[in-house]
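Printed here is entry26.cif (mmCIF, C-alpha atoms and all ligand atoms):
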data_run
loop_
_atom_site.group_PDB
_atom_site.id
_atom_site.type_symbol
_atom_site.label_atom_id
_atom_site.label_comp_id
_atom_site.auth_asym_id
_atom_site.auth_seq_id
_atom_site.Cartn_x
_atom_site.Cartn_y
_atom_site.Cartn_z
ATOM 1 C CA MET A 278 46.485 102.514 -75.452
ATOM 2 C CA PRO A 279 45.493 105.365 -73.117
ATOM 3 C CA ARG A 280 46.377 104.769 -69.505
ATOM 4 C CA THR A 281 46.453 108.245 -68.055
ATOM 5 C CA ARG A 282 45.585 111.662 -69.344
ATOM 6 C CA ALA A 283 48.129 113.224 -66.992
ATOM 7 C CA PRO A 284 50.210 110.430 -65.454
ATOM 8 C CA ALA A 285 50.495 110.867 -61.707
ATOM 9 C CA ALA A 286 53.964 111.295 -60.304
ATOM 10 C CA ARG A 287 54.938 107.928 -58.835
ATOM 11 C CA GLY A 288 54.398 108.025 -55.104
ATOM 12 C CA GLN A 289 51.782 110.781 -55.206
ATOM 13 C CA VAL A 290 49.010 110.052 -52.701
ATOM 14 C CA LEU A 291 45.763 109.547 -54.649
ATOM 15 C CA VAL A 292 43.524 107.969 -51.998
ATOM 16 C CA ALA A 293 43.891 108.379 -48.229
ATOM 17 C CA ALA A 294 41.570 107.109 -45.499
ATOM 18 C CA ARG A 295 41.932 107.828 -41.808
ATOM 19 C CA ASP A 296 39.790 106.050 -39.226
ATOM 20 C CA LEU A 297 37.235 105.666 -41.977
ATOM 21 C CA SER A 298 34.044 103.934 -40.836
ATOM 22 C CA VAL A 299 31.674 102.920 -43.604
ATOM 23 C CA GLY A 300 28.112 101.671 -43.600
ATOM 24 C CA TYR A 301 24.503 102.636 -43.950
ATOM 25 C CA GLY A 302 22.865 105.351 -41.889
ATOM 26 C CA GLU A 303 24.779 105.433 -38.630
ATOM 27 C CA HIS A 304 25.562 101.717 -38.720
ATOM 28 C CA ALA A 305 29.184 100.845 -39.546
ATOM 29 C CA VAL A 306 29.537 97.494 -41.306
ATOM 30 C CA CYS A 307 33.231 96.923 -40.463
ATOM 31 C CA GLY A 308 36.069 98.268 -38.349
ATOM 32 C CA PRO A 309 37.524 101.652 -39.307
ATOM 33 C CA ALA A 310 40.084 101.695 -42.111
ATOM 34 C CA THR A 311 43.286 103.681 -42.333
ATOM 35 C CA PHE A 312 45.369 103.460 -45.506
ATOM 36 C CA VAL A 313 47.144 105.446 -48.174
ATOM 37 C CA LEU A 314 47.166 104.510 -51.865
ATOM 38 C CA ARG A 315 49.814 106.119 -54.031
ATOM 39 C CA ALA A 316 50.293 106.302 -57.774
ATOM 40 C CA GLY A 317 51.856 103.049 -58.936
ATOM 41 C CA GLU A 318 50.456 100.999 -56.044
ATOM 42 C CA ALA A 319 47.624 98.475 -55.850
ATOM 43 C CA LEU A 320 45.589 97.967 -52.695
ATOM 44 C CA ALA A 321 43.419 94.833 -52.495
ATOM 45 C CA LEU A 322 40.483 94.760 -50.093
ATOM 46 C CA VAL A 323 39.890 91.215 -48.885
ATOM 47 C CA GLY A 324 37.395 89.725 -46.440
ATOM 48 C CA VAL A 325 34.450 87.368 -46.186
ATOM 49 C CA ASN A 326 31.129 87.958 -47.955
ATOM 50 C CA GLY A 327 29.415 90.900 -46.334
ATOM 51 C CA ALA A 328 32.606 92.182 -44.659
ATOM 52 C CA GLY A 329 32.211 95.656 -46.136
ATOM 53 C CA LYS A 330 34.587 95.725 -49.132
ATOM 54 C CA SER A 331 32.082 97.092 -51.636
ATOM 55 C CA THR A 332 30.814 99.574 -49.066
ATOM 56 C CA LEU A 333 34.382 100.811 -48.564
ATOM 57 C CA LEU A 334 34.950 101.169 -52.307
ATOM 58 C CA ARG A 335 31.710 103.097 -52.688
ATOM 59 C CA THR A 336 32.603 105.394 -49.808
ATOM 60 C CA CYS A 337 36.059 106.078 -51.263
ATOM 61 C CA LEU A 338 34.312 107.187 -54.471
ATOM 62 C CA GLY A 339 31.839 109.430 -52.652
ATOM 63 C CA LEU A 340 28.862 107.244 -53.546
ATOM 64 C CA LEU A 341 28.162 106.818 -49.828
ATOM 65 C CA PRO A 342 28.993 109.241 -46.996
ATOM 66 C CA PRO A 343 31.388 107.993 -44.299
ATOM 67 C CA VAL A 344 29.793 106.962 -41.016
ATOM 68 C CA ASP A 345 32.843 108.442 -39.317
ATOM 69 C CA GLY A 346 36.450 109.370 -40.044
ATOM 70 C CA GLU A 347 37.594 110.724 -43.381
ATOM 71 C CA VAL A 348 38.624 109.811 -46.877
ATOM 72 C CA ARG A 349 40.352 111.917 -49.502
ATOM 73 C CA LEU A 350 40.437 111.171 -53.214
ATOM 74 C CA LEU A 351 42.915 113.212 -55.248
ATOM 75 C CA GLY A 352 43.366 115.270 -52.089
ATOM 76 C CA ARG A 353 39.693 116.206 -51.786
ATOM 77 C CA ILE A 354 36.456 114.913 -50.322
ATOM 78 C CA PRO A 355 35.241 112.401 -52.924
ATOM 79 C CA ASP A 356 32.491 113.750 -55.167
ATOM 80 C CA PRO A 357 31.344 111.527 -58.050
ATOM 81 C CA ARG A 358 29.760 114.537 -59.747
ATOM 82 C CA SER A 359 32.964 116.558 -59.959
ATOM 83 C CA GLY A 360 34.534 116.719 -63.398
ATOM 84 C CA ARG A 361 37.993 116.418 -61.872
ATOM 85 C CA GLN A 362 37.112 113.112 -60.222
ATOM 86 C CA ARG A 363 35.250 111.776 -63.253
ATOM 87 C CA ARG A 364 38.226 112.526 -65.485
ATOM 88 C CA ALA A 365 40.673 110.752 -63.188
ATOM 89 C CA VAL A 366 38.769 107.773 -61.833
ATOM 90 C CA ALA A 367 37.808 104.747 -63.907
ATOM 91 C CA ARG A 368 35.534 102.407 -61.998
ATOM 92 C CA GLU A 369 33.763 99.125 -62.558
ATOM 93 C CA LEU A 370 31.692 98.141 -59.554
ATOM 94 C CA GLY A 371 29.838 95.265 -61.156
ATOM 95 C CA GLU A 372 26.795 97.221 -62.300
ATOM 96 C CA GLU A 373 27.425 96.264 -65.936
ATOM 97 C CA SER A 374 24.857 98.556 -67.490
ATOM 98 C CA PHE A 375 24.885 98.282 -71.269
ATOM 99 C CA PHE A 376 22.906 99.892 -74.058
ATOM 100 C CA PRO A 377 20.771 97.018 -75.354
ATOM 101 C CA ALA A 378 20.890 98.248 -78.970
ATOM 102 C CA LEU A 379 24.673 98.850 -79.150
ATOM 103 C CA THR A 380 27.154 96.181 -80.180
ATOM 104 C CA VAL A 381 30.337 95.320 -78.314
ATOM 105 C CA ALA A 382 32.457 97.394 -80.710
ATOM 106 C CA GLU A 383 30.030 100.318 -80.484
ATOM 107 C CA HIS A 384 30.197 100.272 -76.665
ATOM 108 C CA LEU A 385 33.975 100.585 -76.751
ATOM 109 C CA ALA A 386 33.839 103.283 -79.440
ATOM 110 C CA LEU A 387 31.314 105.227 -77.347
ATOM 111 C CA VAL A 388 33.555 105.171 -74.269
ATOM 112 C CA CYS A 389 36.566 106.267 -76.334
ATOM 113 C CA PHE A 390 34.711 109.136 -77.991
ATOM 114 C CA GLY A 391 33.103 110.205 -74.709
ATOM 115 C CA HIS A 392 36.530 110.537 -73.116
ATOM 116 C CA ALA A 393 38.218 112.043 -76.168
ATOM 117 C CA VAL A 394 40.652 109.145 -76.436
ATOM 118 C CA PRO A 395 43.152 109.806 -79.217
ATOM 119 C CA ASP A 396 42.925 107.197 -81.996
ATOM 120 C CA PRO A 397 39.725 105.586 -80.645
ATOM 121 C CA GLU A 398 39.527 102.938 -83.400
ATOM 122 C CA ARG A 399 42.970 101.599 -82.533
ATOM 123 C CA THR A 400 42.246 101.594 -78.804
ATOM 124 C CA ALA A 401 38.927 99.805 -79.291
ATOM 125 C CA ARG A 402 40.543 97.250 -81.612
ATOM 126 C CA GLN A 403 43.348 96.531 -79.106
ATOM 127 C CA LEU A 404 40.840 96.009 -76.306
ATOM 128 C CA LEU A 405 38.714 93.700 -78.446
ATOM 129 C CA GLU A 406 41.836 91.621 -79.031
ATOM 130 C CA GLU A 407 43.034 91.775 -75.432
ATOM 131 C CA PHE A 408 39.681 90.603 -74.064
ATOM 132 C CA ASP A 409 39.109 88.055 -76.836
ATOM 133 C CA LEU A 410 36.043 89.888 -78.079
ATOM 134 C CA ILE A 411 36.922 90.141 -81.783
ATOM 135 C CA ASP A 412 34.425 87.454 -82.783
ATOM 136 C CA LEU A 413 31.780 89.212 -80.682
ATOM 137 C CA ALA A 414 32.455 92.714 -81.998
ATOM 138 C CA ASP A 415 29.031 92.857 -83.674
ATOM 139 C CA ALA A 416 27.144 91.080 -80.889
ATOM 140 C CA LEU A 417 24.553 92.760 -78.701
ATOM 141 C CA PRO A 418 24.866 92.428 -74.905
ATOM 142 C CA GLU A 419 21.877 90.070 -74.696
ATOM 143 C CA GLU A 420 23.613 87.694 -77.106
ATOM 144 C CA MET A 421 26.616 87.251 -74.792
ATOM 145 C CA SER A 422 27.342 84.946 -71.874
ATOM 146 C CA SER A 423 27.768 86.467 -68.420
ATOM 147 C CA GLY A 424 31.553 86.025 -68.588
ATOM 148 C CA GLN A 425 31.654 87.667 -72.020
ATOM 149 C CA ARG A 426 29.646 90.614 -70.688
ATOM 150 C CA ARG A 427 32.125 90.818 -67.830
ATOM 151 C CA ARG A 428 34.982 91.020 -70.334
ATOM 152 C CA LEU A 429 33.194 93.812 -72.169
ATOM 153 C CA ALA A 430 32.679 95.744 -68.922
ATOM 154 C CA LEU A 431 36.394 95.431 -68.112
ATOM 155 C CA ALA A 432 37.448 96.375 -71.635
ATOM 156 C CA ALA A 433 35.181 99.424 -71.424
ATOM 157 C CA VAL A 434 36.685 100.656 -68.169
ATOM 158 C CA LEU A 435 40.167 100.266 -69.662
ATOM 159 C CA ALA A 436 39.142 102.176 -72.794
ATOM 160 C CA ARG A 437 39.145 105.483 -70.953
ATOM 161 C CA PRO A 438 41.966 107.561 -69.455
ATOM 162 C CA ARG A 439 42.581 107.092 -65.744
ATOM 163 C CA ARG A 440 44.833 107.884 -62.809
ATOM 164 C CA ILE A 441 42.880 105.705 -60.388
ATOM 165 C CA LEU A 442 41.284 102.389 -61.295
ATOM 166 C CA VAL A 443 38.627 101.013 -58.913
ATOM 167 C CA LEU A 444 37.322 97.488 -59.538
ATOM 168 C CA ASP A 445 34.955 95.436 -57.401
ATOM 169 C CA GLU A 446 35.841 91.749 -57.710
ATOM 170 C CA PRO A 447 37.145 92.062 -61.285
ATOM 171 C CA GLU A 448 38.026 88.360 -61.324
ATOM 172 C CA GLN A 449 34.416 87.223 -60.981
ATOM 173 C CA ARG A 450 32.984 85.052 -63.786
ATOM 174 C CA LEU A 451 36.235 85.128 -65.775
ATOM 175 C CA ASP A 452 37.792 81.891 -66.979
ATOM 176 C CA HIS A 453 41.217 81.003 -65.627
ATOM 177 C CA VAL A 454 43.215 82.279 -68.607
ATOM 178 C CA THR A 455 41.350 85.588 -68.772
ATOM 179 C CA ARG A 456 41.716 86.001 -65.016
ATOM 180 C CA ARG A 457 45.483 85.586 -65.211
ATOM 181 C CA ALA A 458 45.701 87.948 -68.169
ATOM 182 C CA LEU A 459 43.667 90.554 -66.301
ATOM 183 C CA ALA A 460 45.966 90.248 -63.285
ATOM 184 C CA GLN A 461 48.958 90.936 -65.535
ATOM 185 C CA ARG A 462 47.121 93.874 -67.081
ATOM 186 C CA LEU A 463 46.568 95.387 -63.624
ATOM 187 C CA VAL A 464 50.265 94.972 -62.858
ATOM 188 C CA ALA A 465 50.991 96.889 -66.067
ATOM 189 C CA GLU A 466 48.508 99.535 -64.961
ATOM 190 C CA ARG A 467 50.290 100.208 -61.704
ATOM 191 C CA GLU A 468 53.663 100.106 -63.440
ATOM 192 C CA THR A 469 52.513 103.038 -65.574
ATOM 193 C CA GLY A 470 51.617 104.992 -62.421
ATOM 194 C CA VAL A 471 47.910 104.218 -62.098
ATOM 195 C CA ALA A 472 46.684 103.640 -58.527
ATOM 196 C CA VAL A 473 44.672 100.412 -58.446
ATOM 197 C CA LEU A 474 42.026 99.796 -55.771
ATOM 198 C CA ILE A 475 40.230 96.454 -55.917
ATOM 199 C CA ALA A 476 38.049 94.172 -53.827
ATOM 200 C CA CYS A 477 38.996 90.560 -54.463
ATOM 201 C CA HIS A 478 38.442 86.997 -53.200
ATOM 202 C CA ASP A 479 41.125 85.290 -55.296
ATOM 203 C CA ALA A 480 44.430 84.675 -53.503
ATOM 204 C CA GLU A 481 46.466 84.210 -56.697
ATOM 205 C CA PHE A 482 45.029 87.389 -58.172
ATOM 206 C CA VAL A 483 45.862 89.343 -55.016
ATOM 207 C CA ARG A 484 49.396 87.880 -54.924
ATOM 208 C CA THR A 485 50.034 89.017 -58.492
ATOM 209 C CA VAL A 486 48.397 92.430 -58.470
ATOM 210 C CA ALA A 487 48.530 93.898 -54.981
ATOM 211 C CA THR A 488 51.282 95.902 -53.351
ATOM 212 C CA SER A 489 49.370 95.859 -50.051
ATOM 213 C CA VAL A 490 46.216 94.313 -48.624
ATOM 214 C CA LEU A 491 43.444 95.696 -46.459
ATOM 215 C CA LEU A 492 41.800 92.915 -44.484
ATOM 216 C CA VAL A 493 38.244 94.149 -43.974
ATOM 217 C CA GLY A 494 36.270 92.874 -41.008
ATOM 218 C CA ALA A 495 35.331 93.590 -37.400
ATOM 219 C CA ASP A 496 38.942 94.752 -37.161
ATOM 220 C CA THR A 497 40.150 96.229 -40.419
ATOM 221 C CA ASN A 498 43.911 95.919 -40.811
ATOM 222 C CA LEU A 499 46.520 96.795 -43.380
ATOM 223 C CA LEU A 500 48.745 93.796 -44.205
ATOM 224 C CA ASP A 501 51.649 93.105 -46.488
ATOM 225 C CA VAL A 502 50.785 91.000 -49.537
ATOM 226 C CA SER A 503 52.061 87.657 -48.244
ATOM 227 C CA ALA A 504 50.137 88.035 -44.964
ATOM 228 C CA GLY A 505 47.039 89.080 -46.926
ATOM 229 C CA VAL A 506 47.297 86.065 -49.224
ATOM 230 C CA ARG A 507 47.737 83.755 -46.198
ATOM 231 C CA ALA A 508 44.635 85.298 -44.627
ATOM 232 C CA ILE A 509 42.648 84.337 -47.741
ATOM 233 C CA THR A 510 44.042 80.841 -48.227
ATOM 234 C CA GLU A 511 43.931 79.921 -44.535
ATOM 235 C CA GLY A 512 40.467 81.420 -44.075
ATOM 236 C CA ARG A 513 41.650 83.879 -41.429
ATOM 237 C CA LEU A 514 39.375 86.626 -42.694
HETATM 238 N N1 LIG B 1 22.244 99.295 -49.447
HETATM 239 C C1 LIG B 1 22.461 98.702 -48.278
HETATM 240 N N2 LIG B 1 21.764 99.028 -47.174
HETATM 241 C C2 LIG B 1 22.002 98.435 -45.988
HETATM 242 N N3 LIG B 1 22.952 97.490 -45.802
HETATM 243 C C3 LIG B 1 23.673 97.116 -46.869
HETATM 244 C C4 LIG B 1 23.473 97.694 -48.154
HETATM 245 N N4 LIG B 1 24.349 97.127 -49.018
HETATM 246 C C5 LIG B 1 25.056 96.243 -48.302
HETATM 247 N N5 LIG B 1 24.649 96.223 -47.010
HETATM 248 C C6 LIG B 1 25.200 95.411 -45.937
HETATM 249 O O1 LIG B 1 26.499 95.897 -45.666
HETATM 250 C C7 LIG B 1 27.368 94.811 -45.331
HETATM 251 C C8 LIG B 1 28.591 94.897 -46.204
HETATM 252 O O2 LIG B 1 28.203 94.664 -47.555
HETATM 253 P P1 LIG B 1 29.267 94.762 -48.738
HETATM 254 O O3 LIG B 1 28.511 94.606 -49.997
HETATM 255 O O4 LIG B 1 30.087 95.964 -48.549
HETATM 256 O O5 LIG B 1 30.163 93.469 -48.445
HETATM 257 P P2 LIG B 1 31.338 92.834 -49.296
HETATM 258 O O6 LIG B 1 32.511 92.660 -48.383
HETATM 259 O O7 LIG B 1 31.548 93.588 -50.541
HETATM 260 O O8 LIG B 1 30.715 91.396 -49.606
HETATM 261 P P3 LIG B 1 30.882 90.373 -50.841
HETATM 262 O O9 LIG B 1 32.223 89.718 -50.698
HETATM 263 O O10 LIG B 1 29.766 89.408 -50.604
HETATM 264 O O11 LIG B 1 30.723 91.141 -52.125
HETATM 265 C C9 LIG B 1 26.554 93.521 -45.493
HETATM 266 O O12 LIG B 1 26.141 93.097 -44.223
HETATM 267 C C10 LIG B 1 25.365 93.956 -46.319
HETATM 268 O O13 LIG B 1 24.231 93.226 -45.971
#

Taking this structure as input, can you express it in the form of structure tokens?
Amino acid sequence: MPRTRAPAARGQVLVAARDLSVGYGEHAVCGPATFVLRAGEALALVGVNGAGKSTLLRTCLGLLPPVDGEVRLLGRIPDPRSGRQRRAVARELGEESFFPALTVAEHLALVCFGHAVPDPERTARQLLEEFDLIDLADALPEEMSSGQRRRLALAAVLARPRRILVLDEPEQRLDHVTRRALAQRLVAERETGVAVLIACHDAEFVRTVATSVLLVGADTNLLDVSAGVRAITEGRL
């Protein structure tokens, strides 16, 4: 299964933010963030609804300009139009846009072919199995439940090569077993040298996947994983 086209050297800085303020117009939605994410690490953004996690993810990808401070992705100002960034960054921000006339299997095949994945049939087959989509391989998106569509969106993002994986609340709408399996998959991702950047509300998921936690809020602070998990479970967000 393709994980990286050119695996990043473990420890290589892939995302770096310094005094990064994010928001809309000139209005910052949370305190400034400073963090570094290296190959092989997983940073979980946690915080209450509306804290600014999705806004931070979008700014790190160059989908929104910073209000202040700076962020670097692969050592450069993020630019979602650059081929270099598009080759390296796999993202699933919850948009879940599907082609209404393509089946589940055809969606995965399309992603594989579009990214020149070697042995696309095998990769697509493995992802169908991993995300329990075999019986839905010929289904159209409108024939699926919301959780099944979520599984397809996650399978699709994992069908392509990547050095950085950005997921906004990947645990949402997944059943318990699939959620745990996805957490293990993200551990495997970072163990192969992928840098994982997620927003997440699930303490168990964060405990399993993350190597550090960014608590997003009026004050945005970097925490170790156990302090980050306590912040979620004790409601100190
Ligand atoms: N397009 C927008 N224009 C203006 N304000 C926005 C926009 N999108 C989000 N906001 C505001 O920015 C703040 C942060 O939103 P964001 O979606 O980043 O929060 P979040 O931490 O991801 O929340 P959740 O846990 O609910 O997903 C919220 O107050 C929200 O209302």

*Which residues come within 12 Å of Asp452 of chain A, counting only C-alpha atoms, excluding same-chain residues fewer than 4 positions away, as a ChimeraX atom specification?*
/A:408-409,422-425,427-428,447-448,456-459

_Nearest residue to ligand LIG 1 (chain B) from the set A:Glu406, A:Asp479, A:Glu466, A:Glu383 (distances using all atoms listed in the file)_ = A:Asp479

*For the file shown, what are the residues hit by the PyMOL selection byres (((chain A and resi 394) around 12) and not hetatm), laid out as a PyMOL selection string?*
chain A and resi 278-282+364+385-393+395-401+435-439

Residues contacting ligand LIG 1 (chain B) - anything with an atom at most 8 Å away, using all atoms listed in the file - can you give me those as a PDB file with C-alpha atoms, in the coordinates of the input?
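And here's part37.pdb as it stands now:
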ATOM      1  CA  GLY A 300      28.112 101.671 -43.600  1.00  0.00           C
ATOM      2  CA  TYR A 301      24.503 102.636 -43.950  1.00  0.00           C
ATOM      3  CA  VAL A 306      29.537  97.494 -41.306  1.00  0.00           C
ATOM      4  CA  CYS A 307      33.231  96.923 -40.463  1.00  0.00           C
ATOM      5  CA  VAL A 323      39.890  91.215 -48.885  1.00  0.00           C
ATOM      6  CA  GLY A 324      37.395  89.725 -46.440  1.00  0.00           C
ATOM      7  CA  VAL A 325      34.450  87.368 -46.186  1.00  0.00           C
ATOM      8  CA  ASN A 326      31.129  87.958 -47.955  1.00  0.00           C
ATOM      9  CA  GLY A 327      29.415  90.900 -46.334  1.00  0.00           C
ATOM     10  CA  ALA A 328      32.606  92.182 -44.659  1.00  0.00           C
ATOM     11  CA  GLY A 329      32.211  95.656 -46.136  1.00  0.00           C
ATOM     12  CA  LYS A 330      34.587  95.725 -49.132  1.00  0.00           C
ATOM     13  CA  SER A 331      32.082  97.092 -51.636  1.00  0.00           C
ATOM     14  CA  THR A 332      30.814  99.574 -49.066  1.00  0.00           C
ATOM     15  CA  LEU A 333      34.382 100.811 -48.564  1.00  0.00           C
ATOM     16  CA  ASP A 445      34.955  95.436 -57.401  1.00  0.00           C
ATOM     17  CA  GLU A 446      35.841  91.749 -57.710  1.00  0.00           C
ATOM     18  CA  ALA A 476      38.049  94.172 -53.827  1.00  0.00           C
ATOM     19  CA  CYS A 477      38.996  90.560 -54.463  1.00  0.00           C
ATOM     20  CA  HIS A 478      38.442  86.997 -53.200  1.00  0.00           C
ATOM     21  CA  VAL A 493      38.244  94.149 -43.974  1.00  0.00           C
TER      22      VAL A 493
END

*Could you state which residues are captured by the PyMOL selection byres (((chain A and resi 351) around 8) and not hetatm) in this file, as a list in words?*
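What the PyMOL selection byres (((chain A and resi 351) around 8) and not hetatm) grabs from the file is Val290, Leu291, Val292, Arg349, Leu350, Gly352, Arg353 and Gln362 of chain A.
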
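Residues in contact range of Asp415 of chain A, defined as at most 7 Å between all atoms listed in the file, with sequence neighbours fewer than 5 positions away removed, read A:Thr380, A:Val381, A:Ala382.
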
*Find, counting all atoms listed in the file, the residue in A:Thr510, A:Gln403, A:Gln449, A:Gln461 that gets nearest to Ala487 of chain A.*
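Closest residue, counting all atoms listed in the file: A:Gln461.
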
*A:Ala367, A:Ala495, A:Leu463, A:Leu451 ranked by distance to Ser298 of chain A, top pick (using all atoms listed in the file)*: A:Ala495

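If you count only C-alpha atoms and ignore residues fewer than 2 places along the chain from Thr497 of chain A, what sits within 9 Å of it is Cys307, Gly308, Pro309, Ala310, Thr311, Leu491, Leu492, Val493, Gly494, Ala495 and Leu499 of chain A.
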
Take the residues from that selection and put them in a file with C-alpha atoms, as a PDB file, in the frame of the given file.
ATOM      1  CA  CYS A 307      33.231  96.923 -40.463  1.00  0.00           C
ATOM      2  CA  GLY A 308      36.069  98.268 -38.349  1.00  0.00           C
ATOM      3  CA  PRO A 309      37.524 101.652 -39.307  1.00  0.00           C
ATOM      4  CA  ALA A 310      40.084 101.695 -42.111  1.00  0.00           C
ATOM      5  CA  THR A 311      43.286 103.681 -42.333  1.00  0.00           C
ATOM      6  CA  LEU A 491      43.444  95.696 -46.459  1.00  0.00           C
ATOM      7  CA  LEU A 492      41.800  92.915 -44.484  1.00  0.00           C
ATOM      8  CA  VAL A 493      38.244  94.149 -43.974  1.00  0.00           C
ATOM      9  CA  GLY A 494      36.270  92.874 -41.008  1.00  0.00           C
ATOM     10  CA  ALA A 495      35.331  93.590 -37.400  1.00  0.00           C
ATOM     11  CA  LEU A 499      46.520  96.795 -43.380  1.00  0.00           C
TER      12      LEU A 499
END

*Provide the atom CA of Pro418 of chain A to atom CA of Leu431 of chain A distance in Å, to one decimal place.*
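So the answer is 13.7 Å.
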
Would you give the centre and edge lengths, in Å to one decimal, of a box along x, y and z around the listed atoms of segment 306-319 of chain A, with 4 Å added to each side, as JSON?
{"center_x": 40.7, "center_y": 101.6, "center_z": -48.6, "size_x": 30.3, "size_y": 17.4, "size_z": 28.6}

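Compared by their closest atoms to Ile441 of chain A, and using all atoms listed in the file, the residues A:Val486, A:Ala416, A:Ala365, A:Ile354 rank with A:Ala365 nearest.
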
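As for atom CA of Arg368 of chain A and atom CA of Gly512 of chain A, they are spaced 28.0 Å apart.
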
*Any chance you could work out the residue set of the PyMOL selection byres (((chain A and resi 297) around 8) and not hetatm) here, as a ChimeraX atom specification?*
/A:294-296,298-299,309-311,343-348

Copy segment 380-400 of chain A out of the block into a file, keeping N, CA and C atoms, as a PDB file, in the first residue's frame.
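Output (part.pdb):
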ATOM      1  N   THR A 380     -19.049   4.540  -8.517  1.00  0.00           N
ATOM      2  CA  THR A 380     -19.195   3.620  -7.392  1.00  0.00           C
ATOM      3  C   THR A 380     -18.036   3.812  -6.406  1.00  0.00           C
ATOM      4  N   VAL A 381     -18.167   3.134  -5.283  1.00  0.00           N
ATOM      5  CA  VAL A 381     -17.105   3.152  -4.265  1.00  0.00           C
ATOM      6  C   VAL A 381     -15.780   2.690  -4.872  1.00  0.00           C
ATOM      7  N   ALA A 382     -15.804   1.546  -5.548  1.00  0.00           N
ATOM      8  CA  ALA A 382     -14.563   1.007  -6.128  1.00  0.00           C
ATOM      9  C   ALA A 382     -13.995   1.971  -7.176  1.00  0.00           C
ATOM     10  N   GLU A 383     -14.881   2.577  -7.961  1.00  0.00           N
ATOM     11  CA  GLU A 383     -14.411   3.502  -8.999  1.00  0.00           C
ATOM     12  C   GLU A 383     -13.793   4.763  -8.386  1.00  0.00           C
ATOM     13  N   HIS A 384     -14.320   5.223  -7.242  1.00  0.00           N
ATOM     14  CA  HIS A 384     -13.709   6.375  -6.575  1.00  0.00           C
ATOM     15  C   HIS A 384     -12.266   6.061  -6.178  1.00  0.00           C
ATOM     16  N   LEU A 385     -12.077   4.882  -5.582  1.00  0.00           N
ATOM     17  CA  LEU A 385     -10.723   4.532  -5.137  1.00  0.00           C
ATOM     18  C   LEU A 385      -9.791   4.352  -6.334  1.00  0.00           C
ATOM     19  N   ALA A 386     -10.308   3.725  -7.395  1.00  0.00           N
ATOM     20  CA  ALA A 386      -9.488   3.525  -8.599  1.00  0.00           C
ATOM     21  C   ALA A 386      -9.084   4.885  -9.190  1.00  0.00           C
ATOM     22  N   LEU A 387     -10.027   5.827  -9.178  1.00  0.00           N
ATOM     23  CA  LEU A 387      -9.752   7.155  -9.738  1.00  0.00           C
ATOM     24  C   LEU A 387      -8.625   7.854  -8.966  1.00  0.00           C
ATOM     25  N   VAL A 388      -8.688   7.774  -7.647  1.00  0.00           N
ATOM     26  CA  VAL A 388      -7.640   8.407  -6.827  1.00  0.00           C
ATOM     27  C   VAL A 388      -6.291   7.749  -7.124  1.00  0.00           C
ATOM     28  N   CYS A 389      -6.287   6.428  -7.187  1.00  0.00           N
ATOM     29  CA  CYS A 389      -5.026   5.703  -7.448  1.00  0.00           C
ATOM     30  C   CYS A 389      -4.451   6.090  -8.808  1.00  0.00           C
ATOM     31  N   PHE A 390      -5.283   6.091  -9.829  1.00  0.00           N
ATOM     32  CA  PHE A 390      -4.786   6.426 -11.168  1.00  0.00           C
ATOM     33  C   PHE A 390      -4.330   7.887 -11.210  1.00  0.00           C
ATOM     34  N   GLY A 391      -5.091   8.764 -10.581  1.00  0.00           N
ATOM     35  CA  GLY A 391      -4.754  10.191 -10.599  1.00  0.00           C
ATOM     36  C   GLY A 391      -3.408  10.476  -9.961  1.00  0.00           C
ATOM     37  N   HIS A 392      -3.025   9.635  -8.999  1.00  0.00           N
ATOM     38  CA  HIS A 392      -1.748   9.838  -8.311  1.00  0.00           C
ATOM     39  C   HIS A 392      -0.698   8.815  -8.751  1.00  0.00           C
ATOM     40  N   ALA A 393      -0.965   8.137  -9.831  1.00  0.00           N
ATOM     41  CA  ALA A 393      -0.001   7.185 -10.394  1.00  0.00           C
ATOM     42  C   ALA A 393       0.480   6.168  -9.361  1.00  0.00           C
ATOM     43  N   VAL A 394      -0.480   5.669  -8.575  1.00  0.00           N
ATOM     44  CA  VAL A 394      -0.138   4.662  -7.564  1.00  0.00           C
ATOM     45  C   VAL A 394       0.213   3.356  -8.274  1.00  0.00           C
ATOM     46  N   PRO A 395       1.382   2.773  -7.944  1.00  0.00           N
ATOM     47  CA  PRO A 395       1.701   1.493  -8.563  1.00  0.00           C
ATOM     48  C   PRO A 395       0.719   0.418  -8.088  1.00  0.00           C
ATOM     49  N   ASP A 396       0.333  -0.477  -8.957  1.00  0.00           N
ATOM     50  CA  ASP A 396      -0.615  -1.542  -8.641  1.00  0.00           C
ATOM     51  C   ASP A 396      -1.910  -0.994  -8.017  1.00  0.00           C
ATOM     52  N   PRO A 397      -2.624  -0.144  -8.762  1.00  0.00           N
ATOM     53  CA  PRO A 397      -3.821   0.505  -8.200  1.00  0.00           C
ATOM     54  C   PRO A 397      -4.926  -0.481  -7.808  1.00  0.00           C
ATOM     55  N   GLU A 398      -5.070  -1.591  -8.566  1.00  0.00           N
ATOM     56  CA  GLU A 398      -6.137  -2.539  -8.224  1.00  0.00           C
ATOM     57  C   GLU A 398      -5.905  -3.138  -6.835  1.00  0.00           C
ATOM     58  N   ARG A 399      -4.644  -3.487  -6.574  1.00  0.00           N
ATOM     59  CA  ARG A 399      -4.327  -4.096  -5.275  1.00  0.00           C
ATOM     60  C   ARG A 399      -4.559  -3.101  -4.146  1.00  0.00           C
ATOM     61  N   THR A 400      -4.097  -1.861  -4.359  1.00  0.00           N
ATOM     62  CA  THR A 400      -4.272  -0.832  -3.333  1.00  0.00           C
ATOM     63  C   THR A 400      -5.756  -0.597  -3.065  1.00  0.00           C
TER      64      THR A 400
END
